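First the structure, in the form of structure tokens, and then the observations on it.
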Amino acid sequence: MSYKTDLSTLETLAARLPFSIDESHRVNEAFVAYMCHDRIEDKRLVDLWTYCYVRRYFLIKFIREARYQASELDQIVEKAYRKVEHARPGIIHHDRYAQWVSVVCRNMYVNFVARRRALVTLPPEEIPELAPEERDADVNAAALHTSLIHAIESLPPFLRSTARMRFVENLSNEEIARIIGKRSGTVRAYVHKICKRFREDRQLCAWADRVYRR
Amino acid sequence: MRPPRAYSFLFRTIERALERVSDLFNLRPSLLDESLSETLAQSRRYIDPDSDLALMPLRASIHDDQTRDKDVLKTAEDRFRQRLERDPVRLEAWFSAHAHRFELESKTDVVAHFEVVTGHSIRDFDVGRFEDHPTHRNHIGRTHSPDRGPLRRSRESSLVLATVMAACLLILGSYESDPLRELSGMAASSESILFGSLGERTRGHTDMDMAYRRAEVLQALDHINEARTSILGFHTGYDPSLLQAAAVHLERALAVGPPHGIIPSDLVRLHQEVRRLLE
């Protein structure tokens with residue numbers, strides 16, 4: 001087995017993005033601009049992000065499953081990218097492009113696993129089963145966390161620490177009340193206000209409607 | 001016609017009682033629909049220690065340079081690194097994931113594959129090419145935010161009212177800062193006290209030392225909150241006996257040593273401030 005000493009890796013490409021792969025709201029903005037104005041710069045940016053996301057998506061899945069080959073990785077990345085490129089003019093919600101790409105990748109991965117299962121004869125206990133309830137949390141965890149933090153930062157200052165303690169640290173209302181020195185009823189009111197704003201947050205709703213809607 | 005003041009007080013009392021009963025029997029309707037609830041639950045996983053092993057492939061696929069939004073993910077990344085340094089199981093999983101990634105990528109020129117698949121040339125994406133693009137992080141104000149027209153108007157009205165009230169209170173009395181309140185909040189939110197290595201699903205099975213320190217700090221905070229006296233937020237004072245009790249609890253919390261010997265600086269300062277007020 002040979003190893004390349006001068007690696008051209010995913011970082012080489014992702015370094016050229018003006019934002020992180022996990023900042024879904026930024027690529028959604030870029031896609032909205034591309035669909036509205038059809039500028040070449042916007043298309044290049046969207047294509048670059050799409051390739052990086054798709055590659056990272058399947059890289060994560062392949063790291064988890066040791067039985068998949070590197071050649072299969074290149075093939076499925078290409079197939080997924082072309083599917084996204086072909087189907088995206090028909091997207092209705094342009095501001096949910098990142099979440100739509102995530103769903104396309106997931107469907108392709110499900111088909112890939114099913115096809116592979118049919119081709120390769122394995123004992124039943126070795127056949128990898130997809131946990132449908134995971135909904136790609138292993139791939140999108142950083143992006144989801146980024147969306148949550150941005151949603152918290154867009155709250156009024158007096159709600160932010162409560163939102164952090166409740167929705168990031170998962171503390172109870174009573175614990176939060178003791179920490180901030182207020183009554184439980186006040187914390188409940190704060191949480192109520194926070195939830196109301198989260199229901200209006202575009203990126204959280206994009207994830208909820210696109211990826212987690214049952 | 002507005003109800004008499006006594007009726008308003010009665011309504012508030014009944015409302016509070018109903019809230020307590022609702023909480024007791026979990027009768028309160030959900031504030032979030034199922035999909036948004038699940039989204040928020042999944043959003044916590046990146047910072048949840050219980051998810052470390054499941055998310056190791058994700059962490060192995062993200063190089064430091066890619067985490068450009070360092071401020072947003074900094075807390076999660078810092079905590080993860082601390083756990084990695086302390087836990088050989090996590091460290092082994094980390095190296096294993098990286099090794100597997102290296103093996104997968106060693107046979108591919110990713111840039112060449114990108115050019116073939118997308119039809120773009122890498123020369124079109126020179127580093128810094130998108131510096132002026134509106135989605136660049138340097139362009140402030142491009143972050144997402146929901147449309148809040150009516151809320152903005154009510155916020156402006158509240159701001160005006162608050163400004164007028166603050167001016168009146170400043171004229172009527174003198175304002176003294178309360179460093180103990182600020183330090184209490186900072187110490188209490190310090191991750192190594194409250195969350196640190198405790199996972200979301202393991203909070204019921206905590207390490208004895210961490211649980212002990214956490215309990216002592218929360219007791220101290222209770223005493224500090226009870227000790228505080230003020231007039232409309234001014235001329236803050238403290239009950240010495242309750243402050244003394246708080247100091248004792250803080251000293252017990254500080255006495256918790258290695259392997260959980262990360263002493264939050266905020267906790268130390270809080271203890272020093274309490275002792276200073278008692279002198």
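Note on naming: chains are A, B, ... as they come in the structure tokens, residues start from 1 per chain, ligands start from 1 in the order shown.
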
Residues near A:Leu45, cut-off 12 Å, only C-alpha atoms, skip fewer than 4 positions along chain, as number ranges by chain: A: 13-14, 16-19, 21, 26-34, 38-41, 49-52; B: 118, 120, 122, 124-126, 129-131, 133-136

Exercise for the section: May I have the residues within 10 Å of stretch 160-164 of chain A as an NGL selection string, using only C-alpha atoms and disregarding those fewer than 2 positions away in the same chain? Expected result: (:A and (148-149 or 151-158 or 166-171 or 173 or 176-177 or 179-180 or 187-188 or 190-191 or 193-195)) or (:B and (185 or 189))

Export of prior selection with N, CA and C atoms as a PDB file, in the first residue's frame:
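part39.pdb was written with the following content:
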```
ATOM      1  N   LEU A 148     -27.776  26.271  16.619  1.00  0.00           N
ATOM      2  CA  LEU A 148     -28.318  26.540  17.957  1.00  0.00           C
ATOM      3  C   LEU A 148     -27.624  27.738  18.594  1.00  0.00           C
ATOM      4  N   ILE A 149     -26.287  27.771  18.508  1.00  0.00           N
ATOM      5  CA  ILE A 149     -25.538  28.865  19.127  1.00  0.00           C
ATOM      6  C   ILE A 149     -25.905  30.194  18.470  1.00  0.00           C
ATOM      7  N   ALA A 151     -28.724  30.884  17.049  1.00  0.00           N
ATOM      8  CA  ALA A 151     -30.080  31.216  17.494  1.00  0.00           C
ATOM      9  C   ALA A 151     -30.052  31.830  18.891  1.00  0.00           C
ATOM     10  N   ILE A 152     -29.204  31.303  19.760  1.00  0.00           N
ATOM     11  CA  ILE A 152     -29.090  31.851  21.117  1.00  0.00           C
ATOM     12  C   ILE A 152     -28.505  33.261  21.067  1.00  0.00           C
ATOM     13  N   GLU A 153     -27.504  33.464  20.225  1.00  0.00           N
ATOM     14  CA  GLU A 153     -26.864  34.778  20.138  1.00  0.00           C
ATOM     15  C   GLU A 153     -27.790  35.834  19.547  1.00  0.00           C
ATOM     16  N   SER A 154     -28.812  35.408  18.837  1.00  0.00           N
ATOM     17  CA  SER A 154     -29.748  36.388  18.293  1.00  0.00           C
ATOM     18  C   SER A 154     -30.857  36.715  19.290  1.00  0.00           C
ATOM     19  N   LEU A 155     -30.843  36.076  20.460  1.00  0.00           N
ATOM     20  CA  LEU A 155     -31.836  36.382  21.497  1.00  0.00           C
ATOM     21  C   LEU A 155     -31.474  37.694  22.198  1.00  0.00           C
ATOM     22  N   PRO A 156     -32.443  38.313  22.851  1.00  0.00           N
ATOM     23  CA  PRO A 156     -32.104  39.476  23.677  1.00  0.00           C
ATOM     24  C   PRO A 156     -31.124  39.063  24.772  1.00  0.00           C
ATOM     25  N   PRO A 157     -30.238  39.978  25.208  1.00  0.00           N
ATOM     26  CA  PRO A 157     -29.182  39.597  26.161  1.00  0.00           C
ATOM     27  C   PRO A 157     -29.704  38.938  27.443  1.00  0.00           C
ATOM     28  N   PHE A 158     -30.894  39.380  27.922  1.00  0.00           N
ATOM     29  CA  PHE A 158     -31.348  38.844  29.202  1.00  0.00           C
ATOM     30  C   PHE A 158     -31.817  37.404  29.088  1.00  0.00           C
ATOM     31  N   ARG A 166     -30.284  26.123  29.509  1.00  0.00           N
ATOM     32  CA  ARG A 166     -31.402  25.206  29.304  1.00  0.00           C
ATOM     33  C   ARG A 166     -31.183  24.323  28.086  1.00  0.00           C
ATOM     34  N   PHE A 167     -30.746  24.910  26.974  1.00  0.00           N
ATOM     35  CA  PHE A 167     -30.722  24.171  25.710  1.00  0.00           C
ATOM     36  C   PHE A 167     -29.341  23.680  25.293  1.00  0.00           C
ATOM     37  N   VAL A 168     -28.279  24.197  25.931  1.00  0.00           N
ATOM     38  CA  VAL A 168     -26.949  23.663  25.658  1.00  0.00           C
ATOM     39  C   VAL A 168     -26.512  22.757  26.800  1.00  0.00           C
ATOM     40  N   GLU A 169     -26.645  23.279  28.043  1.00  0.00           N
ATOM     41  CA  GLU A 169     -26.197  22.507  29.189  1.00  0.00           C
ATOM     42  C   GLU A 169     -27.282  21.572  29.724  1.00  0.00           C
ATOM     43  N   ASN A 170     -28.523  21.770  29.277  1.00  0.00           N
ATOM     44  CA  ASN A 170     -29.630  20.892  29.669  1.00  0.00           C
ATOM     45  C   ASN A 170     -29.878  20.892  31.178  1.00  0.00           C
ATOM     46  N   LEU A 171     -29.780  22.058  31.800  1.00  0.00           N
ATOM     47  CA  LEU A 171     -30.085  22.169  33.221  1.00  0.00           C
ATOM     48  C   LEU A 171     -31.595  22.317  33.402  1.00  0.00           C
ATOM     49  N   ASN A 173     -35.085  23.865  35.186  1.00  0.00           N
ATOM     50  CA  ASN A 173     -35.485  25.242  35.520  1.00  0.00           C
ATOM     51  C   ASN A 173     -35.078  25.607  36.944  1.00  0.00           C
ATOM     52  N   ILE A 176     -31.377  26.404  37.059  1.00  0.00           N
ATOM     53  CA  ILE A 176     -31.123  27.695  36.430  1.00  0.00           C
ATOM     54  C   ILE A 176     -31.555  28.818  37.363  1.00  0.00           C
ATOM     55  N   ALA A 177     -32.700  28.613  38.023  1.00  0.00           N
ATOM     56  CA  ALA A 177     -33.205  29.644  38.943  1.00  0.00           C
ATOM     57  C   ALA A 177     -32.206  29.887  40.073  1.00  0.00           C
ATOM     58  N   ILE A 179     -29.024  29.418  39.974  1.00  0.00           N
ATOM     59  CA  ILE A 179     -27.794  30.003  39.456  1.00  0.00           C
ATOM     60  C   ILE A 179     -27.951  31.492  39.197  1.00  0.00           C
ATOM     61  N   ILE A 180     -29.066  31.866  38.574  1.00  0.00           N
ATOM     62  CA  ILE A 180     -29.215  33.283  38.210  1.00  0.00           C
ATOM     63  C   ILE A 180     -29.912  34.082  39.310  1.00  0.00           C
ATOM     64  N   VAL A 187     -37.886  31.828  35.432  1.00  0.00           N
ATOM     65  CA  VAL A 187     -37.129  31.010  34.468  1.00  0.00           C
ATOM     66  C   VAL A 187     -38.079  30.366  33.475  1.00  0.00           C
ATOM     67  N   ARG A 188     -39.221  29.904  33.982  1.00  0.00           N
ATOM     68  CA  ARG A 188     -40.211  29.303  33.066  1.00  0.00           C
ATOM     69  C   ARG A 188     -40.679  30.327  32.040  1.00  0.00           C
ATOM     70  N   TYR A 190     -38.969  32.862  30.996  1.00  0.00           N
ATOM     71  CA  TYR A 190     -37.846  33.060  30.071  1.00  0.00           C
ATOM     72  C   TYR A 190     -37.818  31.944  29.026  1.00  0.00           C
ATOM     73  N   VAL A 191     -37.958  30.709  29.490  1.00  0.00           N
ATOM     74  CA  VAL A 191     -37.919  29.568  28.574  1.00  0.00           C
ATOM     75  C   VAL A 191     -39.055  29.661  27.562  1.00  0.00           C
ATOM     76  N   LYS A 193     -40.389  32.399  26.438  1.00  0.00           N
ATOM     77  CA  LYS A 193     -40.009  33.423  25.447  1.00  0.00           C
ATOM     78  C   LYS A 193     -38.974  32.862  24.479  1.00  0.00           C
ATOM     79  N   ILE A 194     -38.020  32.099  25.017  1.00  0.00           N
ATOM     80  CA  ILE A 194     -36.952  31.536  24.175  1.00  0.00           C
ATOM     81  C   ILE A 194     -37.553  30.578  23.143  1.00  0.00           C
ATOM     82  N   CYS A 195     -38.455  29.718  23.595  1.00  0.00           N
ATOM     83  CA  CYS A 195     -39.064  28.754  22.670  1.00  0.00           C
ATOM     84  C   CYS A 195     -39.826  29.477  21.574  1.00  0.00           C
TER      85      CYS A 195
ATOM     86  N   GLY B 185     -22.704  34.532  39.304  1.00  0.00           N
ATOM     87  CA  GLY B 185     -23.153  34.033  38.003  1.00  0.00           C
ATOM     88  C   GLY B 185     -22.015  33.388  37.234  1.00  0.00           C
ATOM     89  N   SER B 189     -21.711  29.307  36.327  1.00  0.00           N
ATOM     90  CA  SER B 189     -21.801  28.828  34.957  1.00  0.00           C
ATOM     91  C   SER B 189     -20.490  28.220  34.482  1.00  0.00           C
TER      92      SER B 189
END
```

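The smallest atom-to-atom distance between chain B and any of A:Ile91, A:Val46, A:Leu159, A:Leu144, using only C-alpha atoms, is found for A:Leu144.
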
re atom CA of B:Ala54 and atom CA of A:Asp201: distance 27.7 Å

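For the pair atom CA of A:Leu204 and atom CA of B:Ala97, the interatomic distance is 29.4 Å.
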
**OP:** Quick one: everything within 8 Å of stretch 235-247 of chain B, counting only C-alpha atoms, minus sequence neighbours fewer than 3 positions away in the same chain. Send it as an MDAnalysis selection string.
**Re:** chainID B and resid 174:176 178 219:224 226:231 250:251 271 274:275 278

Next, write the just-selected residues to a file, as an mmCIF file, in the first residue's frame, keeping N, CA, C and O atoms as the atom set.
```cif
data_model
loop_
_atom_site.group_PDB
_atom_site.id
_atom_site.type_symbol
_atom_site.label_atom_id
_atom_site.label_comp_id
_atom_site.auth_asym_id
_atom_site.auth_seq_id
_atom_site.Cartn_x
_atom_site.Cartn_y
_atom_site.Cartn_z
ATOM 1 N N SER B 174 -28.252 56.625 44.877
ATOM 2 C CA SER B 174 -26.934 56.337 44.323
ATOM 3 C C SER B 174 -26.908 54.871 43.958
ATOM 4 O O SER B 174 -27.545 54.029 44.596
ATOM 5 N N TYR B 175 -26.128 54.522 42.951
ATOM 6 C CA TYR B 175 -26.056 53.145 42.495
ATOM 7 C C TYR B 175 -24.709 52.560 42.890
ATOM 8 O O TYR B 175 -23.679 53.162 42.665
ATOM 9 N N GLU B 176 -24.748 51.391 43.537
ATOM 10 C CA GLU B 176 -23.493 50.725 43.875
ATOM 11 C C GLU B 176 -23.416 49.413 43.101
ATOM 12 O O GLU B 176 -24.385 48.675 43.030
ATOM 13 N N ASP B 178 -22.500 45.544 42.397
ATOM 14 C CA ASP B 178 -22.548 44.365 43.251
ATOM 15 C C ASP B 178 -21.662 43.296 42.634
ATOM 16 O O ASP B 178 -22.116 42.456 41.859
ATOM 17 N N GLN B 219 -25.091 25.157 47.047
ATOM 18 C CA GLN B 219 -25.461 25.566 48.412
ATOM 19 C C GLN B 219 -24.933 26.970 48.715
ATOM 20 O O GLN B 219 -25.639 27.799 49.303
ATOM 21 N N ALA B 220 -23.682 27.190 48.328
ATOM 22 C CA ALA B 220 -23.087 28.516 48.573
ATOM 23 C C ALA B 220 -23.880 29.596 47.846
ATOM 24 O O ALA B 220 -24.144 30.676 48.397
ATOM 25 N N LEU B 221 -24.276 29.330 46.622
ATOM 26 C CA LEU B 221 -25.030 30.316 45.841
ATOM 27 C C LEU B 221 -26.387 30.587 46.491
ATOM 28 O O LEU B 221 -26.871 31.723 46.491
ATOM 29 N N ASP B 222 -27.012 29.530 47.026
ATOM 30 C CA ASP B 222 -28.287 29.729 47.723
ATOM 31 C C ASP B 222 -28.112 30.693 48.883
ATOM 32 O O ASP B 222 -28.916 31.610 49.089
ATOM 33 N N HIS B 223 -27.041 30.478 49.678
ATOM 34 C CA HIS B 223 -26.790 31.337 50.840
ATOM 35 C C HIS B 223 -26.512 32.769 50.401
ATOM 36 O O HIS B 223 -26.972 33.733 51.035
ATOM 37 N N ILE B 224 -25.753 32.933 49.314
ATOM 38 C CA ILE B 224 -25.436 34.273 48.832
ATOM 39 C C ILE B 224 -26.710 34.983 48.376
ATOM 40 O O ILE B 224 -26.932 36.161 48.677
ATOM 41 N N GLU B 226 -29.744 34.399 49.398
ATOM 42 C CA GLU B 226 -30.571 34.696 50.569
ATOM 43 C C GLU B 226 -29.977 35.825 51.389
ATOM 44 O O GLU B 226 -30.708 36.588 52.032
ATOM 45 N N ALA B 227 -28.647 35.941 51.369
ATOM 46 C CA ALA B 227 -27.982 36.942 52.212
ATOM 47 C C ALA B 227 -28.137 38.349 51.664
ATOM 48 O O ALA B 227 -28.034 39.330 52.388
ATOM 49 N N ARG B 228 -28.396 38.452 50.374
ATOM 50 C CA ARG B 228 -28.382 39.752 49.721
ATOM 51 C C ARG B 228 -29.593 40.574 50.132
ATOM 52 O O ARG B 228 -30.730 40.106 50.086
ATOM 53 N N THR B 229 -29.355 41.839 50.518
ATOM 54 C CA THR B 229 -30.447 42.771 50.819
ATOM 55 C C THR B 229 -30.206 44.039 50.018
ATOM 56 O O THR B 229 -29.067 44.446 49.812
ATOM 57 N N SER B 230 -31.278 44.648 49.534
ATOM 58 C CA SER B 230 -31.108 45.882 48.782
ATOM 59 C C SER B 230 -32.423 46.641 48.753
ATOM 60 O O SER B 230 -33.478 46.089 49.090
ATOM 61 N N ILE B 231 -32.357 47.913 48.364
ATOM 62 C CA ILE B 231 -33.557 48.732 48.198
ATOM 63 C C ILE B 231 -33.659 49.057 46.719
ATOM 64 O O ILE B 231 -32.868 49.832 46.166
ATOM 65 N N LEU B 250 -18.022 27.161 49.953
ATOM 66 C CA LEU B 250 -17.065 27.426 48.867
ATOM 67 C C LEU B 250 -15.717 26.795 49.183
ATOM 68 O O LEU B 250 -15.037 26.268 48.302
ATOM 69 N N GLU B 251 -15.318 26.854 50.467
ATOM 70 C CA GLU B 251 -14.036 26.247 50.831
ATOM 71 C C GLU B 251 -14.065 24.744 50.651
ATOM 72 O O GLU B 251 -13.082 24.127 50.244
ATOM 73 N N HIS B 271 -14.866 33.182 46.180
ATOM 74 C CA HIS B 271 -14.509 32.913 47.571
ATOM 75 C C HIS B 271 -13.746 34.097 48.176
ATOM 76 O O HIS B 271 -14.004 34.507 49.316
ATOM 77 N N VAL B 274 -16.177 36.923 48.914
ATOM 78 C CA VAL B 274 -17.003 36.646 50.094
ATOM 79 C C VAL B 274 -16.192 36.899 51.365
ATOM 80 O O VAL B 274 -16.669 37.520 52.329
ATOM 81 N N ARG B 275 -14.962 36.437 51.375
ATOM 82 C CA ARG B 275 -14.115 36.638 52.559
ATOM 83 C C ARG B 275 -13.820 38.115 52.780
ATOM 84 O O ARG B 275 -13.759 38.586 53.931
ATOM 85 N N LEU B 278 -16.634 39.749 54.520
ATOM 86 C CA LEU B 278 -16.796 39.339 55.907
ATOM 87 C C LEU B 278 -15.789 40.010 56.840
ATOM 88 O O LEU B 278 -15.967 39.990 58.065
#
```

Would you list the contacts of A:Leu10 as a PyMOL selection string, taking every protein, DNA or RNA residue within 12 Å and counting only C-alpha atoms, but skipping same-chain residues closer than 2 positions in sequence? (chain A and resi 7-8+12-17+21+48-49+51-60) or (chain B and resi 60-63+65-66+101-102+104-106+108-114)

Just-selected residues, N, CA and C atoms written as an mmCIF file, in the first residue's frame:
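Writing the result to part-v4.cif gives the following:
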```cif
data_model
loop_
_atom_site.group_PDB
_atom_site.id
_atom_site.type_symbol
_atom_site.label_atom_id
_atom_site.label_comp_id
_atom_site.auth_asym_id
_atom_site.auth_seq_id
_atom_site.Cartn_x
_atom_site.Cartn_y
_atom_site.Cartn_z
ATOM 1 N N LEU A 7 -0.342 15.361 0.541
ATOM 2 C CA LEU A 7 -1.763 15.078 0.472
ATOM 3 C C LEU A 7 -2.548 16.275 -0.022
ATOM 4 N N SER A 8 -3.426 16.029 -0.956
ATOM 5 C CA SER A 8 -4.403 17.019 -1.341
ATOM 6 C C SER A 8 -5.694 16.572 -0.699
ATOM 7 N N THR A 12 -7.674 21.167 1.912
ATOM 8 C CA THR A 12 -7.142 22.001 0.823
ATOM 9 C C THR A 12 -8.268 22.756 0.131
ATOM 10 N N LEU A 13 -9.399 22.064 -0.049
ATOM 11 C CA LEU A 13 -10.541 22.709 -0.690
ATOM 12 C C LEU A 13 -11.312 23.592 0.297
ATOM 13 N N ALA A 14 -11.582 23.064 1.486
ATOM 14 C CA ALA A 14 -12.417 23.794 2.449
ATOM 15 C C ALA A 14 -11.765 25.100 2.877
ATOM 16 N N ALA A 15 -10.434 25.166 2.783
ATOM 17 C CA ALA A 15 -9.740 26.408 3.148
ATOM 18 C C ALA A 15 -10.121 27.566 2.228
ATOM 19 N N ARG A 16 -10.670 27.244 1.077
ATOM 20 C CA ARG A 16 -11.024 28.287 0.118
ATOM 21 C C ARG A 16 -12.446 28.811 0.303
ATOM 22 N N LEU A 17 -13.181 28.176 1.206
ATOM 23 C CA LEU A 17 -14.511 28.695 1.510
ATOM 24 C C LEU A 17 -14.390 29.918 2.418
ATOM 25 N N ILE A 21 -17.792 24.755 6.711
ATOM 26 C CA ILE A 21 -18.768 23.842 6.099
ATOM 27 C C ILE A 21 -20.034 23.780 6.943
ATOM 28 N N LEU A 48 -18.498 24.741 -4.621
ATOM 29 C CA LEU A 48 -17.385 24.378 -3.746
ATOM 30 C C LEU A 48 -17.904 23.835 -2.413
ATOM 31 N N TRP A 49 -18.868 24.553 -1.816
ATOM 32 C CA TRP A 49 -19.424 24.075 -0.551
ATOM 33 C C TRP A 49 -20.085 22.711 -0.734
ATOM 34 N N TYR A 51 -19.507 20.316 -2.898
ATOM 35 C CA TYR A 51 -18.539 19.236 -3.021
ATOM 36 C C TYR A 51 -17.906 18.918 -1.669
ATOM 37 N N CYS A 52 -17.538 19.971 -0.914
ATOM 38 C CA CYS A 52 -16.904 19.754 0.394
ATOM 39 C C CYS A 52 -17.865 19.043 1.346
ATOM 40 N N TYR A 53 -19.116 19.480 1.355
ATOM 41 C CA TYR A 53 -20.078 18.857 2.263
ATOM 42 C C TYR A 53 -20.309 17.395 1.882
ATOM 43 N N VAL A 54 -20.530 17.160 0.588
ATOM 44 C CA VAL A 54 -20.814 15.794 0.136
ATOM 45 C C VAL A 54 -19.630 14.887 0.434
ATOM 46 N N ARG A 55 -18.431 15.392 0.183
ATOM 47 C CA ARG A 55 -17.239 14.575 0.430
ATOM 48 C C ARG A 55 -17.100 14.276 1.917
ATOM 49 N N ARG A 56 -17.307 15.317 2.734
ATOM 50 C CA ARG A 56 -17.177 15.093 4.172
ATOM 51 C C ARG A 56 -18.260 14.155 4.685
ATOM 52 N N TYR A 57 -19.460 14.270 4.123
ATOM 53 C CA TYR A 57 -20.560 13.401 4.551
ATOM 54 C C TYR A 57 -20.164 11.933 4.400
ATOM 55 N N PHE A 58 -19.729 11.557 3.205
ATOM 56 C CA PHE A 58 -19.416 10.159 2.962
ATOM 57 C C PHE A 58 -18.084 9.763 3.593
ATOM 58 N N LEU A 59 -17.186 10.712 3.759
ATOM 59 C CA LEU A 59 -15.940 10.409 4.471
ATOM 60 C C LEU A 59 -16.251 9.971 5.903
ATOM 61 N N ILE A 60 -17.174 10.685 6.546
ATOM 62 C CA ILE A 60 -17.558 10.335 7.917
ATOM 63 C C ILE A 60 -18.175 8.943 7.962
ATOM 64 N N ALA B 60 -12.837 13.633 13.389
ATOM 65 C CA ALA B 60 -11.647 13.291 12.614
ATOM 66 C C ALA B 60 -11.689 13.915 11.229
ATOM 67 N N SER B 61 -12.880 14.231 10.755
ATOM 68 C CA SER B 61 -12.997 14.787 9.411
ATOM 69 C C SER B 61 -12.845 16.302 9.416
ATOM 70 N N ILE B 62 -12.871 16.906 10.607
ATOM 71 C CA ILE B 62 -12.767 18.363 10.699
ATOM 72 C C ILE B 62 -11.375 18.708 11.183
ATOM 73 N N HIS B 63 -10.631 19.324 10.326
ATOM 74 C CA HIS B 63 -9.317 19.801 10.749
ATOM 75 C C HIS B 63 -9.500 21.161 11.403
ATOM 76 N N ASP B 65 -8.316 23.943 10.891
ATOM 77 C CA ASP B 65 -8.478 25.101 10.014
ATOM 78 C C ASP B 65 -9.905 25.266 9.537
ATOM 79 N N GLN B 66 -10.640 24.148 9.528
ATOM 80 C CA GLN B 66 -11.998 24.217 9.017
ATOM 81 C C GLN B 66 -12.957 24.808 10.037
ATOM 82 N N ARG B 101 -9.113 7.695 8.452
ATOM 83 C CA ARG B 101 -9.297 8.796 7.504
ATOM 84 C C ARG B 101 -8.063 8.949 6.623
ATOM 85 N N PHE B 102 -6.905 8.867 7.230
ATOM 86 C CA PHE B 102 -5.654 8.998 6.478
ATOM 87 C C PHE B 102 -5.582 7.917 5.402
ATOM 88 N N LEU B 104 -8.084 6.391 3.945
ATOM 89 C CA LEU B 104 -9.069 6.652 2.895
ATOM 90 C C LEU B 104 -8.598 7.741 1.949
ATOM 91 N N GLU B 105 -7.960 8.766 2.483
ATOM 92 C CA GLU B 105 -7.606 9.919 1.653
ATOM 93 C C GLU B 105 -6.233 9.797 1.016
ATOM 94 N N SER B 106 -5.468 8.817 1.431
ATOM 95 C CA SER B 106 -4.096 8.732 0.920
ATOM 96 C C SER B 106 -4.056 8.282 -0.531
ATOM 97 N N THR B 108 -6.217 9.282 -2.894
ATOM 98 C CA THR B 108 -6.993 10.189 -3.741
ATOM 99 C C THR B 108 -6.401 11.580 -3.713
ATOM 100 N N ASP B 109 -6.375 12.200 -4.867
ATOM 101 C CA ASP B 109 -6.063 13.627 -4.941
ATOM 102 C C ASP B 109 -7.411 14.342 -4.960
ATOM 103 N N VAL B 110 -7.778 14.884 -3.814
ATOM 104 C CA VAL B 110 -9.119 15.450 -3.667
ATOM 105 C C VAL B 110 -9.337 16.631 -4.604
ATOM 106 N N VAL B 111 -8.313 17.446 -4.768
ATOM 107 C CA VAL B 111 -8.462 18.615 -5.648
ATOM 108 C C VAL B 111 -8.697 18.169 -7.091
ATOM 109 N N ALA B 112 -7.942 17.181 -7.529
ATOM 110 C CA ALA B 112 -8.117 16.681 -8.900
ATOM 111 C C ALA B 112 -9.518 16.095 -9.078
ATOM 112 N N HIS B 113 -9.976 15.366 -8.074
ATOM 113 C CA HIS B 113 -11.321 14.792 -8.138
ATOM 114 C C HIS B 113 -12.361 15.891 -8.188
ATOM 115 N N PHE B 114 -12.159 16.924 -7.398
ATOM 116 C CA PHE B 114 -13.078 18.070 -7.396
ATOM 117 C C PHE B 114 -13.156 18.697 -8.793
#
```

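Reported to one decimal place, the separation of atom CA of B:Ala253 from atom CA of B:Glu216 is 5.6 Å.
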
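Closest to A:His25 among A:Ala87, A:Cys205, A:Ala70, A:Val110 is A:Cys205, based on only C-alpha atoms.
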
Chain B proximity check over A:Ala98, A:Ile76, A:Ala66, A:Ile92, using only C-alpha atoms: winner is A:Ala66

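The residue that comes closest to chain B, out of A:Ala142, A:Ser102, A:Phe112, A:Lys79 and on the basis of only C-alpha atoms, is A:Ala142.
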
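Nearest-residue note for chain A: choosing from B:Val117, B:Lys74, B:Leu53, B:Asp87, the minimum distance belongs to B:Val117, counting only C-alpha atoms.
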
Practice item. Please report, as a VMD selection string, each residue of stretch 45-153 of chain A to which DSSP assigns helix (DSSP H, G or I) when run on this structure's backbone. Key: chain A and resid 45 to 64 70 to 90 94 to 119 124 to 126 132 to 134 137 to 153

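Distance annotation: of A:Phe198, A:Arg178, A:Asp136, A:Arg44, the residue with the minimal separation from A:His150 is A:Phe198; atom set is only C-alpha atoms.
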